[in-house]
Structures are given as C-alpha cells and as structure tokens.
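This report refers to the structure that appears directly beneath it.
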Amino acid sequence: MALFSKGNGAEESAEAREYRLALTAGLTFEVVPLKSLVDAIDALPAGAEVSVTCSPTKGIEETQQITEDLHGQGFVAIPHFSARMVRDRAHVDDLARWCSNLGLKKVFVVGGDAEEPGDYIGAVEFLADFAGAAHGLETIGVTAYPDGHAFLSDEVLHKALHDKQRLLADAGVAGYASTQMCFDPDSIGNWLRAERDLGLTMPVHLGISGVVDKARLLTMGARLGIGDSLAYLKKNKAAVVKMMTSMSYNPNDVLLPLTEELTSLGVEGLHVFTFNQVEATNIWRLAAE
C-alpha cells in the first residue's frame, strides 16, 4: 500500500489521500451577507456549492435573495433557514413553496440566534413541520456540535441531532449533519465515533475554517455567533501559538489528522467557513496535494 507523508511525521495511505483530495475539491463555501459578499462571489469557482448564512439582523429574506442571485449565476446555492426567525406555519409553507419554485435541491436548517423567536424555538420544532412540506428538496442539512454549545447541554444536543435524523427519515428526505466550526481533530473524532455508536447514520460534513487572516477569524467568529467554537483556541495552547505565529489558518491542521478515518466515520463533505475570504480558500483548494 502506497503511503504519503502528511507533513507532521505521520503517513497517509493512497486511498485516504485520494478521498481527502476529493472532499477538498468539492467543498462547500460558506458566505455571509456582509458588504464583502460581492468580492466573495466574484472569487467563487464556476458551479461551486455555496452555503448562504442567515443573519439575525438581515433576516431570512436577505438569505433568500442572495440564494436566488447565486442560483441564477449557475452556483449550487444552499440557503440557511434559521428556525427561530420563522414566524409561523404559514411562513413554513411559504419557504417550502419558494424552494420548490426555485428548483432548489438542498437547504441547511439551523436553530438560529434570534432573541425573540416566532412559533419555533429550535430546529427540531421547525423540521417537524418543514420536513414533510411540499418543498421539492432532495436533502436537508442540520447542525451538530462536537465542541458543545454555550446554552445547551451535550445531552440536549445529542437528542436534538437524533430527533432531526428521525424527522428527516420519516419524511423520506435525505439528511446530513454539518458540524460547527472546530479546530480540534481529536474532539471531532471522539464525538463522531461516540455518535456513530449511539445510532447516528446520517453523513457528516466537517465544519472547518477556510484560509482566513487570524485577526479576521477571531473577530468575525465572535461577531457571527460562533464564539463557542473559537473558545477551543483559548484552552488549547498549541493551537493559539500556531494561530498567533502564522498569517492565516490552514484547514489542513484539522483535516490531515483525521484523514485515515474520514471514510470509516462517514464524512462525506467539507463545509468551509470562509468569512467571505473566498479567494484564499479557493487557492488552498486548488493547491491541495
């Protein structure tokens, strides 16, 4: 069996390397509705899969408009639906109709950060109505939290993830779990092994940071409500030192230590948080080896 050096003293099998490169080539670029979005879209490779976040300040409607624009430009656009920003069942039906009319094949459902929710307090409650609606979708993604959550216990997160899996299966809709942005490959691996043992069967997409300037990663991470994931940097000295002594974060720091287990753990995608610095991440994607 051919082996390749991973650059950290370890070795990578030919099969693992081939799979890692395939995931990297087909990664999903996450973009956010900020002023920098125009430049981010200009830097996207043709036909790329693009995940569009839902801003608590700009609302679902802004995400829908961006999705329509990207769809019209030939990208595979994946809108985020923030459950806490959905007003009521009529709004659910409106979103389902919009998906069907636009011909979307995939959406991503999050609980969201709205302080005052509508009729849905979280993703499970929203999915209970949306999964079986006339949306015409093939796949619905949901969130997962290897690093935990600031306000929810691990037990609550585990139950919610498996409830979402059940709701999607009952509705006959394919699902996948996309993890929060994580920096610790050991935490990701341990969490995923445990969840697989406890019945998680959905494919998993690893949520990793793109190639982002270190200051932008830290400041925008907190601004966009993912500060809990970034808390890992505060408690892991090695990661902090690496972040502070390099100009940018390299996604391989998370990906390479997991490479031999990606297939066995059912990792079928990469969800890359670009913070709209798409060009740098795409350069990394194209140069992957």
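To be explicit about the labels: the chains of the structure tokens are called A, B, and onward in the order shown, and within each one the residues are counted from 1, while ligands get numbers from 1 in the order they are shown.
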Open item on the list: Among segment 71-269 of chain A, which residues does DSSP mark as alpha helix (DSSP H) when it is run on the backbone? Keep the chain and numbering as in the structure and answer as a ChimeraX atom specification.
Closed with: /A:71-72,89-102,123-130,154-171,185-197,214-223,227-235,237-244,252-255
Give me the residues of segment 118-223 of chain A that have any atom at most 6 Å from an atom of segment 265-286 of chain A; for each, the nearest atom pair and the distance in Å, rounded to one decimal. Use only C-alpha atoms, sort by chain and number, and format it as JSON lines.
{"residue": "A:Pro203", "atom": "CA", "partner": "A:Gly266", "partner_atom": "CA", "distance": 5.4}
{"residue": "A:Val204", "atom": "CA", "partner": "A:Val267", "partner_atom": "CA", "distance": 4.7}
{"residue": "A:His205", "atom": "CA", "partner": "A:Gly269", "partner_atom": "CA", "distance": 4.3}
{"residue": "A:Leu206", "atom": "CA", "partner": "A:Leu270", "partner_atom": "CA", "distance": 4.9}
{"residue": "A:Gly207", "atom": "CA", "partner": "A:His271", "partner_atom": "CA", "distance": 4.7}
{"residue": "A:Ile208", "atom": "CA", "partner": "A:Val272", "partner_atom": "CA", "distance": 5.1}
{"residue": "A:Ser209", "atom": "CA", "partner": "A:Phe273", "partner_atom": "CA", "distance": 4.8}
{"residue": "A:Gly210", "atom": "CA", "partner": "A:Thr274", "partner_atom": "CA", "distance": 4.9}
{"residue": "A:Val211", "atom": "CA", "partner": "A:Thr281", "partner_atom": "CA", "distance": 4.9}
- [ ] Please return as a VMD selection string: the residues of segment 90-132 of chain A that backbone DSSP assigns to strand (DSSP E or B).
- [x] chain A and resid 106 to 110
Given the selection you just returned, output its residues as a file containing N, CA and C atoms, formatted as a tab-separated table (two decimals), in the first residue's frame.
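Below is the file that was written, part_12.tsv:
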chain	number	residue	atom	x	y	z
A	106	LYS	N	-31.32	21.48	-2.03
A	106	LYS	CA	-30.74	21.33	-0.70
A	106	LYS	C	-30.89	22.64	0.09
A	107	VAL	N	-31.23	22.52	1.38
A	107	VAL	CA	-31.20	23.65	2.31
A	107	VAL	C	-30.51	23.18	3.58
A	108	PHE	N	-30.15	24.16	4.41
A	108	PHE	CA	-29.49	23.87	5.68
A	108	PHE	C	-30.28	24.53	6.79
A	109	VAL	N	-30.65	23.76	7.80
A	109	VAL	CA	-31.51	24.25	8.88
A	109	VAL	C	-30.69	24.43	10.16
A	110	VAL	N	-30.79	25.62	10.74
A	110	VAL	CA	-30.13	25.94	12.00
A	110	VAL	C	-31.17	26.41	13.00
Open item on the list: Taking 4 positions as the minimum chain separation for residues in the same chain, which residues sit within 10 Å of Asp170 of chain A when counting only C-alpha atoms? Answer as a count of residues only.
Closed with: 6
List as a short mmCIF file (atom, residue, chain, number, x, y, z; two decimals) with C-alpha atoms, in the first residue's frame the protein and nucleic acid residues near Asn101 of chain A, meaning an atom at most 12 Å away when only C-alpha atoms are counted, but skip any in the same chain fewer than 3 places from it.
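Output below, filename part-v1.cif:
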data_model
loop_
_atom_site.label_atom_id
_atom_site.label_comp_id
_atom_site.auth_asym_id
_atom_site.auth_seq_id
_atom_site.Cartn_x
_atom_site.Cartn_y
_atom_site.Cartn_z
CA GLU A 68 -31.77 33.48 -5.92
CA ASP A 94 -44.08 29.96 2.05
CA LEU A 95 -40.47 28.79 2.42
CA ALA A 96 -41.35 25.34 1.10
CA ARG A 97 -43.12 26.86 -1.90
CA TRP A 98 -40.16 29.13 -2.58
CA LEU A 104 -33.57 24.02 -5.03
CA LYS A 105 -32.28 20.58 -4.08
CA ALA A 134 -44.13 20.42 -0.36
CA HIS A 135 -40.58 21.79 -0.70
CA GLY A 136 -39.33 19.56 -3.52
CA LEU A 137 -35.94 19.22 -1.83
#
Task: atom CA of Leu258 of chain A to atom CA of Asp147 of chain A, straight-line distance in Å - done: 16.0 Å
Open item on the list: Just the number, please: distance in Å from atom CA of Trp191 of chain A to atom CA of Pro146 of chain A, one decimal.
Closed with: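 Pair atom CA of Trp191 of chain A / atom CA of Pro146 of chain A returns 5.6 Å.
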Task: Pairwise distance for atom CA of Glu49 of chain A and atom CA of Pro185 of chain A, rounded to one decimal in Å - done: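 Computed distance, atom CA of Glu49 of chain A to atom CA of Pro185 of chain A, equals 24.1 Å.
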TODO: Determine the nearest neighbour of Glu62 of chain A from the options A:Gly26, A:Arg17, A:Gly148, A:Phe81, counting only C-alpha atoms.
DONE: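 So, comparing all the options, the nearest one is A:Phe81.
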